Amino acid sequence: MPSPVSPQWQDKASDFFSTSGVKLKEAGQSAGTFVGEVAKDAKGNVTDVAEKVGSMVKSRWSFLQQPSTRQAMQERLASAAATTGMFFRKGMSETKDKVAVGKIMVEEVAKKTAQKSKTLLTDIERWQKLMLFNSVFGVQIELTVQRQQSTRPIPYILVKCADYLILSGLNSPELFKLEGNKKCIHQLVSSYNQDPNASLPEGVSPVDVAALAKYYLASLPEPLTTFELHDEIIAARSSIHVMRNILKRLPTVNYMTLELITALLLRVSQKSPLNKMDARSLAMEMAPIIIWNKDQRPESYRQFWNYPSKTQSKTNGDPAHNFPEWDMLADAEDDESVDASIPLDDDLPVDFAAIEVVQCLIEHHNAIFTDANETVWR
C-alpha cells in the first residue's frame, strides 16, 4: 500500500520538536559554562592583580624603609601608585572584554533558536489550516458531510467501508472484533485525512476496513446517538416503538449514518455461521463507540491518535478549530513492531444497557428505521 507523502517541512518540524528540548538544554549548559568560565577568569584576574599589587607594595615598602631624600621618596610613591593602577586597569579590561564576548555568544544562540522556532511554527500553522480543511477524523460529522457537497448525508469514508465489506468482507471471521494492523490503519487514516474521497487500496484486509470504520466513529467529538438523547435512548431499549420515535429526533446526518452502520451490522450478523459474529457479539464491539456519555469516551484510542487538550476546547469558541490531529499515529515503542495489531479494549466498565440498545438496532433495524431511505446493497 503506498504511503502518503508528507510535506518536507513536516519532517523538519517533527525533528525539531523531538530534539528542541535537548538542544535548548545544551545551549543553556554551554552558555552557563561559558559565563562560569568568564566569572572564573574575572576572579582570577582580580586575584592576580591583588597578588601583584601586594608584591609591589611589599617591594616598595622595603625601598621606603631605606634612608632617602624627601624627593626620592615621593618619586618612589608615585611610581608604586602608577604601577598598581596599571595592573588594576589591565585586569579589569580583560575581564570586561570576556564578559562582552560571552554576552554576544548567548544572544546569537537565542536569536538563532527564536528564528528557527518562528519559521517552524509558521509552517505548522499553514499545515494545520490545510489539515483542518481536509480532515475527516476527529471532525464533527455534520461538517464532514457539508464539505462533501453530496445529497447523501453520510460520510464518504463510511460509505466506502460499508460497500467494500458488503462486496468482499462479510465472511471474514470475527469482523469488527479482530484488531487491525497498525501500519495499515496509519496509512488509511492519513490517506483519508489528505483526501476525503480516497478509495480503499486494492487487496486491503476486510478486518482493517472494519477497524477503520470503528476508528472513525470513535474519533467523532460526539457519538452518533448524541449526548442530549443518551439517557432517553438507553431507557427505550425495550420498546421498538419508543426507540423509533426518539431516534427521529436525531440530526439528519446522525440518523442516516446510524441507519447505514446498523444495516451493515445486520448484514454481518446474517453471516454469523461463517464470521462468528452474531448481533450480540457485534453489539458488544460497537456499543462503546456508537452510544457513550461524556465520561465514557473510549480513551484507549488516545495511544494511536492525538486529541486536543480540554483547555483548548474551552477557550476556543469556534468548533471548526477544535479538531484533533487524527492523522498522526503515536510513534511505536522501540521494541514494538510497526506491523503490530491495535488493541481495542477500552478498559471501561461494560455498559450492558448500551449493548442492548445496539443489539436492538441491529436485530430490529428495518422496523426502527422505517422513515429512512433504507440502505440496500445488491
# chains A, B, ... in the order shown; residues from 1 in each chain; ligands from 1
call {"tool": "residues_around", "arguments": {"residues": "Ile289 of chain A", "least_positions_apart": "3", "cutoff": "12 Å", "atoms": "only C-alpha atoms", "output": "PyMOL selection string"}}
result
chain A and resi 176+211+213-226+258+261+282-286+292-294+296-301+344-346+348+351+354-355+358
call {"tool": "write_last_selection", "arguments": {"atoms": "N, CA and C atoms", "output": "short mmCIF file (atom, residue, chain, number, x, y, z; two decimals), in the first residue's frame"}}
result
data_model
loop_
_atom_site.label_atom_id
_atom_site.label_comp_id
_atom_site.auth_asym_id
_atom_site.auth_seq_id
_atom_site.Cartn_x
_atom_site.Cartn_y
_atom_site.Cartn_z
N PHE A 176 -15.08 -6.84 12.82
CA PHE A 176 -15.32 -5.80 13.82
C PHE A 176 -14.85 -6.19 15.22
N ALA A 211 -11.98 -2.06 11.03
CA ALA A 211 -11.32 -1.30 12.09
C ALA A 211 -11.29 0.18 11.75
N ALA A 213 -13.47 1.86 10.02
CA ALA A 213 -14.81 2.40 10.29
C ALA A 213 -15.02 2.62 11.78
N LYS A 214 -14.53 1.68 12.58
CA LYS A 214 -14.66 1.83 14.04
C LYS A 214 -13.89 3.05 14.53
N TYR A 215 -12.66 3.21 14.04
CA TYR A 215 -11.84 4.32 14.50
C TYR A 215 -12.42 5.66 14.09
N TYR A 216 -13.05 5.69 12.92
CA TYR A 216 -13.68 6.94 12.50
C TYR A 216 -14.82 7.30 13.47
N LEU A 217 -15.65 6.33 13.77
CA LEU A 217 -16.77 6.58 14.69
C LEU A 217 -16.25 6.99 16.07
N ALA A 218 -15.17 6.35 16.51
CA ALA A 218 -14.60 6.67 17.83
C ALA A 218 -13.97 8.06 17.85
N SER A 219 -13.60 8.57 16.68
CA SER A 219 -12.94 9.88 16.62
C SER A 219 -13.93 11.04 16.70
N LEU A 220 -15.20 10.76 16.51
CA LEU A 220 -16.19 11.84 16.50
C LEU A 220 -16.24 12.54 17.86
N PRO A 221 -16.31 13.86 17.88
CA PRO A 221 -16.39 14.58 19.16
C PRO A 221 -17.62 14.23 19.97
N GLU A 222 -18.67 13.76 19.28
CA GLU A 222 -19.90 13.36 19.95
C GLU A 222 -20.42 12.08 19.29
N PRO A 223 -20.93 11.14 20.06
CA PRO A 223 -21.39 9.88 19.46
C PRO A 223 -22.57 10.10 18.52
N LEU A 224 -22.82 9.11 17.68
CA LEU A 224 -23.93 9.22 16.73
C LEU A 224 -25.26 9.45 17.44
N THR A 225 -25.41 8.87 18.62
CA THR A 225 -26.68 8.99 19.35
C THR A 225 -26.80 10.31 20.10
N THR A 226 -25.78 11.12 20.12
CA THR A 226 -25.69 12.43 20.77
C THR A 226 -25.77 12.32 22.30
N LEU A 258 -26.34 6.38 11.35
CA LEU A 258 -26.67 5.28 12.26
C LEU A 258 -27.43 4.18 11.52
N ILE A 261 -24.81 2.20 9.41
CA ILE A 261 -23.95 1.33 10.24
C ILE A 261 -24.72 0.12 10.74
N LEU A 282 -21.60 -8.39 17.85
CA LEU A 282 -21.36 -7.10 17.19
C LEU A 282 -21.72 -5.93 18.11
N ALA A 283 -22.82 -6.08 18.84
CA ALA A 283 -23.24 -5.02 19.76
C ALA A 283 -22.20 -4.79 20.85
N MET A 284 -21.60 -5.86 21.32
CA MET A 284 -20.57 -5.73 22.36
C MET A 284 -19.35 -4.96 21.84
N GLU A 285 -19.05 -5.15 20.56
CA GLU A 285 -17.89 -4.46 19.97
C GLU A 285 -18.20 -3.01 19.61
N MET A 286 -19.42 -2.76 19.13
CA MET A 286 -19.74 -1.44 18.58
C MET A 286 -20.42 -0.49 19.55
N TRP A 292 -22.25 6.56 23.87
CA TRP A 292 -21.46 6.77 25.09
C TRP A 292 -21.75 8.16 25.63
N ASN A 293 -21.58 8.29 26.93
CA ASN A 293 -21.82 9.58 27.57
C ASN A 293 -20.51 10.35 27.69
N LYS A 294 -20.58 11.56 28.19
CA LYS A 294 -19.41 12.43 28.21
C LYS A 294 -18.25 11.84 29.01
N GLN A 296 -17.56 8.63 29.25
CA GLN A 296 -17.34 7.25 28.82
C GLN A 296 -16.61 7.15 27.49
N ARG A 297 -15.92 8.22 27.09
CA ARG A 297 -15.24 8.19 25.79
C ARG A 297 -14.21 7.06 25.76
N PRO A 298 -14.15 6.32 24.65
CA PRO A 298 -13.17 5.22 24.53
C PRO A 298 -11.75 5.73 24.52
N GLU A 299 -11.14 5.89 25.72
CA GLU A 299 -9.85 6.55 25.87
C GLU A 299 -8.68 5.76 25.29
N SER A 300 -8.81 4.47 25.11
CA SER A 300 -7.66 3.70 24.64
C SER A 300 -7.22 4.14 23.25
N TYR A 301 -8.11 4.82 22.50
CA TYR A 301 -7.73 5.29 21.16
C TYR A 301 -6.72 6.42 21.23
N LEU A 344 -8.14 -3.10 21.03
CA LEU A 344 -9.38 -2.33 21.04
C LEU A 344 -10.06 -2.34 22.39
N ASP A 345 -9.46 -2.92 23.40
CA ASP A 345 -10.05 -2.98 24.72
C ASP A 345 -9.92 -1.62 25.39
N ASP A 346 -11.02 -1.00 25.75
CA ASP A 346 -11.00 0.34 26.29
C ASP A 346 -10.83 0.38 27.80
N LEU A 348 -12.92 0.03 30.02
CA LEU A 348 -14.05 0.70 30.65
C LEU A 348 -15.02 -0.34 31.18
N ASP A 351 -20.96 -1.50 29.64
CA ASP A 351 -22.27 -0.84 29.69
C ASP A 351 -23.27 -1.75 28.99
N ALA A 354 -26.12 -0.07 26.98
CA ALA A 354 -25.73 0.39 25.64
C ALA A 354 -25.63 -0.78 24.68
N ILE A 355 -25.13 -1.90 25.15
CA ILE A 355 -25.04 -3.10 24.31
C ILE A 355 -26.43 -3.55 23.88
N VAL A 358 -27.74 -1.25 21.02
CA VAL A 358 -27.17 -1.54 19.70
C VAL A 358 -27.68 -2.88 19.18
#
call {"tool": "residues_around", "arguments": {"residues": "Leu200 of chain A", "least_positions_apart": "2", "cutoff": "12 Å", "atoms": "only C-alpha atoms", "output": "count of residues only"}}
result
33
call {"tool": "closest_residue", "arguments": {"among": "A:Ile240, A:Val357, A:Ile362, A:Val207", "to": "Asp278 of chain A", "atoms": "only C-alpha atoms"}}
result
A:Ile362
call {"tool": "residues_around", "arguments": {"residues": "Thr262 of chain A", "least_positions_apart": "5", "cutoff": "10 Å", "atoms": "only C-alpha atoms", "output": "VMD selection string"}}
result
chain A and resid 257 267 to 268 279 282 to 283 286 358 to 366 369 375
call {"tool": "write_last_selection", "arguments": {"atoms": "N, CA, C and O atoms", "output": "short mmCIF file (atom, residue, chain, number, x, y, z; two decimals), in the first residue's frame"}}
result
data_model
loop_
_atom_site.label_atom_id
_atom_site.label_comp_id
_atom_site.auth_asym_id
_atom_site.auth_seq_id
_atom_site.Cartn_x
_atom_site.Cartn_y
_atom_site.Cartn_z
N THR A 257 -26.54 8.11 9.19
CA THR A 257 -25.30 7.36 9.40
C THR A 257 -25.54 6.18 10.32
O THR A 257 -25.01 5.08 10.08
N ARG A 267 -26.22 -7.10 8.15
CA ARG A 267 -25.74 -7.99 7.10
C ARG A 267 -24.60 -8.88 7.62
O ARG A 267 -24.50 -10.05 7.25
N VAL A 268 -23.75 -8.30 8.44
CA VAL A 268 -22.66 -9.10 9.02
C VAL A 268 -23.23 -10.20 9.91
O VAL A 268 -22.79 -11.36 9.84
N ALA A 279 -25.57 -10.78 16.29
CA ALA A 279 -25.96 -9.42 16.69
C ALA A 279 -25.43 -9.05 18.06
O ALA A 279 -24.99 -7.92 18.29
N LEU A 282 -21.60 -8.39 17.85
CA LEU A 282 -21.36 -7.10 17.19
C LEU A 282 -21.72 -5.93 18.11
O LEU A 282 -21.02 -4.92 18.15
N ALA A 283 -22.82 -6.08 18.84
CA ALA A 283 -23.24 -5.02 19.76
C ALA A 283 -22.20 -4.79 20.85
O ALA A 283 -21.92 -3.65 21.24
N MET A 286 -19.42 -2.76 19.13
CA MET A 286 -19.74 -1.44 18.58
C MET A 286 -20.42 -0.49 19.55
O MET A 286 -20.35 0.74 19.37
N VAL A 358 -27.74 -1.25 21.02
CA VAL A 358 -27.17 -1.54 19.70
C VAL A 358 -27.68 -2.88 19.18
O VAL A 358 -27.97 -3.03 17.99
N GLN A 359 -27.81 -3.87 20.05
CA GLN A 359 -28.35 -5.16 19.63
C GLN A 359 -29.78 -4.99 19.11
O GLN A 359 -30.16 -5.60 18.09
N CYS A 360 -30.54 -4.15 19.79
CA CYS A 360 -31.91 -3.86 19.35
C CYS A 360 -31.91 -3.19 17.97
O CYS A 360 -32.71 -3.55 17.09
N LEU A 361 -31.00 -2.24 17.76
CA LEU A 361 -30.93 -1.54 16.48
C LEU A 361 -30.54 -2.47 15.34
O LEU A 361 -30.96 -2.29 14.19
N ILE A 362 -29.74 -3.48 15.65
CA ILE A 362 -29.32 -4.44 14.62
C ILE A 362 -30.45 -5.41 14.30
O ILE A 362 -30.84 -5.58 13.14
N GLU A 363 -30.97 -6.03 15.34
CA GLU A 363 -31.98 -7.08 15.14
C GLU A 363 -33.30 -6.53 14.60
O GLU A 363 -34.01 -7.21 13.86
N HIS A 364 -33.65 -5.30 14.99
CA HIS A 364 -34.93 -4.71 14.57
C HIS A 364 -34.70 -3.49 13.67
O HIS A 364 -35.51 -2.56 13.66
N HIS A 365 -33.63 -3.55 12.91
CA HIS A 365 -33.25 -2.42 12.06
C HIS A 365 -34.39 -1.96 11.16
O HIS A 365 -34.72 -0.76 11.11
N ASN A 366 -34.98 -2.86 10.41
CA ASN A 366 -36.00 -2.48 9.43
C ASN A 366 -37.25 -1.91 10.08
O ASN A 366 -37.92 -1.05 9.49
N PHE A 369 -35.97 1.90 11.60
CA PHE A 369 -35.62 2.95 10.64
C PHE A 369 -36.60 2.96 9.46
O PHE A 369 -36.20 2.95 8.30
N THR A 375 -30.82 1.54 3.41
CA THR A 375 -29.63 1.19 2.67
C THR A 375 -29.81 -0.19 2.04
O THR A 375 -30.16 -1.16 2.72
#
call {"tool": "closest_residue", "arguments": {"among": "A:Ser172, A:Thr144, A:Ser199, A:Ser281", "to": "Leu266 of chain A", "atoms": "only C-alpha atoms"}}
result
A:Ser281
call {"tool": "closest_residue", "arguments": {"among": "A:Arg89, A:Val253, A:Met105, A:Asn193", "to": "Ser135 of chain A", "atoms": "only C-alpha atoms"}}
result
A:Asn193
call {"tool": "atom_distance", "arguments": {"atom1": "atom CA of Ala287 of chain A", "atom2": "atom CA of Val350 of chain A"}}
result
9.7 Å
call {"tool": "atom_distance", "arguments": {"atom1": "atom CA of Arg152 of chain A", "atom2": "atom CA of Asn245 of chain A"}}
result
22.1 Å
call {"tool": "atom_distance", "arguments": {"atom1": "atom CA of Lys177 of chain A", "atom2": "atom CA of Ala263 of chain A"}}
result
17.3 Å
call {"tool": "closest_residue", "arguments": {"among": "A:Ile141, A:Ala353, A:Leu250, A:Leu167", "to": "Ser238 of chain A", "atoms": "only C-alpha atoms"}}
result
A:Ala353
call {"tool": "residues_around", "arguments": {"residues": "Met243 of chain A", "least_positions_apart": "4", "cutoff": "8 Å", "atoms": "only C-alpha atoms", "output": "ChimeraX atom specification"}}
result
/A:233,236-237,239,247,368
call {"tool": "write_last_selection", "arguments": {"atoms": "all heavy atoms", "output": "PDB file, in the first residue's frame"}}
result
ATOM      1  N   ILE A 233     -32.514   7.244  24.925  1.00  0.00           N
ATOM      2  CA  ILE A 233     -32.286   6.069  24.073  1.00  0.00           C
ATOM      3  C   ILE A 233     -32.022   4.834  24.938  1.00  0.00           C
ATOM      4  O   ILE A 233     -32.535   3.744  24.640  1.00  0.00           O
ATOM      5  CB  ILE A 233     -31.109   6.335  23.116  1.00  0.00           C
ATOM      6  CG1 ILE A 233     -31.515   7.399  22.086  1.00  0.00           C
ATOM      7  CG2 ILE A 233     -30.673   5.055  22.414  1.00  0.00           C
ATOM      8  CD1 ILE A 233     -30.396   7.820  21.162  1.00  0.00           C
ATOM      9  N   ALA A 236     -35.226   3.497  26.279  1.00  0.00           N
ATOM     10  CA  ALA A 236     -36.171   2.981  25.284  1.00  0.00           C
ATOM     11  C   ALA A 236     -35.733   1.656  24.679  1.00  0.00           C
ATOM     12  O   ALA A 236     -36.368   1.175  23.732  1.00  0.00           O
ATOM     13  CB  ALA A 236     -36.359   4.012  24.179  1.00  0.00           C
ATOM     14  N   ARG A 237     -34.697   1.042  25.214  1.00  0.00           N
ATOM     15  CA  ARG A 237     -34.140  -0.153  24.566  1.00  0.00           C
ATOM     16  C   ARG A 237     -35.073  -1.358  24.529  1.00  0.00           C
ATOM     17  O   ARG A 237     -34.864  -2.280  23.740  1.00  0.00           O
ATOM     18  CB  ARG A 237     -32.826  -0.550  25.242  1.00  0.00           C
ATOM     19  CG  ARG A 237     -32.947  -0.972  26.695  1.00  0.00           C
ATOM     20  CD  ARG A 237     -31.555  -1.180  27.289  1.00  0.00           C
ATOM     21  NE  ARG A 237     -31.577  -1.662  28.663  1.00  0.00           N
ATOM     22  CZ  ARG A 237     -31.725  -0.914  29.728  1.00  0.00           C
ATOM     23  NH1 ARG A 237     -31.899   0.398  29.585  1.00  0.00           N
ATOM     24  NH2 ARG A 237     -31.723  -1.442  30.943  1.00  0.00           N
ATOM     25  N   SER A 239     -38.377  -1.062  23.881  1.00  0.00           N
ATOM     26  CA  SER A 239     -39.571  -0.728  23.097  1.00  0.00           C
ATOM     27  C   SER A 239     -39.161  -0.232  21.721  1.00  0.00           C
ATOM     28  O   SER A 239     -38.549   0.837  21.589  1.00  0.00           O
ATOM     29  CB  SER A 239     -40.398   0.354  23.818  1.00  0.00           C
ATOM     30  OG  SER A 239     -41.451   0.800  22.989  1.00  0.00           O
ATOM     31  N   LEU A 247     -35.268   8.222  18.017  1.00  0.00           N
ATOM     32  CA  LEU A 247     -34.229   8.345  17.000  1.00  0.00           C
ATOM     33  C   LEU A 247     -34.598   9.353  15.919  1.00  0.00           C
ATOM     34  O   LEU A 247     -33.711   9.944  15.281  1.00  0.00           O
ATOM     35  CB  LEU A 247     -33.938   6.986  16.374  1.00  0.00           C
ATOM     36  CG  LEU A 247     -33.297   5.942  17.294  1.00  0.00           C
ATOM     37  CD1 LEU A 247     -32.993   4.663  16.518  1.00  0.00           C
ATOM     38  CD2 LEU A 247     -32.025   6.474  17.944  1.00  0.00           C
ATOM     39  N   ILE A 368     -37.254  -0.215  12.978  1.00  0.00           N
ATOM     40  CA  ILE A 368     -36.928   1.042  13.661  1.00  0.00           C
ATOM     41  C   ILE A 368     -36.687   2.172  12.670  1.00  0.00           C
ATOM     42  O   ILE A 368     -37.178   3.295  12.858  1.00  0.00           O
ATOM     43  CB  ILE A 368     -35.688   0.860  14.558  1.00  0.00           C
ATOM     44  CG1 ILE A 368     -36.034  -0.079  15.727  1.00  0.00           C
ATOM     45  CG2 ILE A 368     -35.176   2.206  15.071  1.00  0.00           C
ATOM     46  CD1 ILE A 368     -34.854  -0.436  16.597  1.00  0.00           C
TER      47      ILE A 368
END
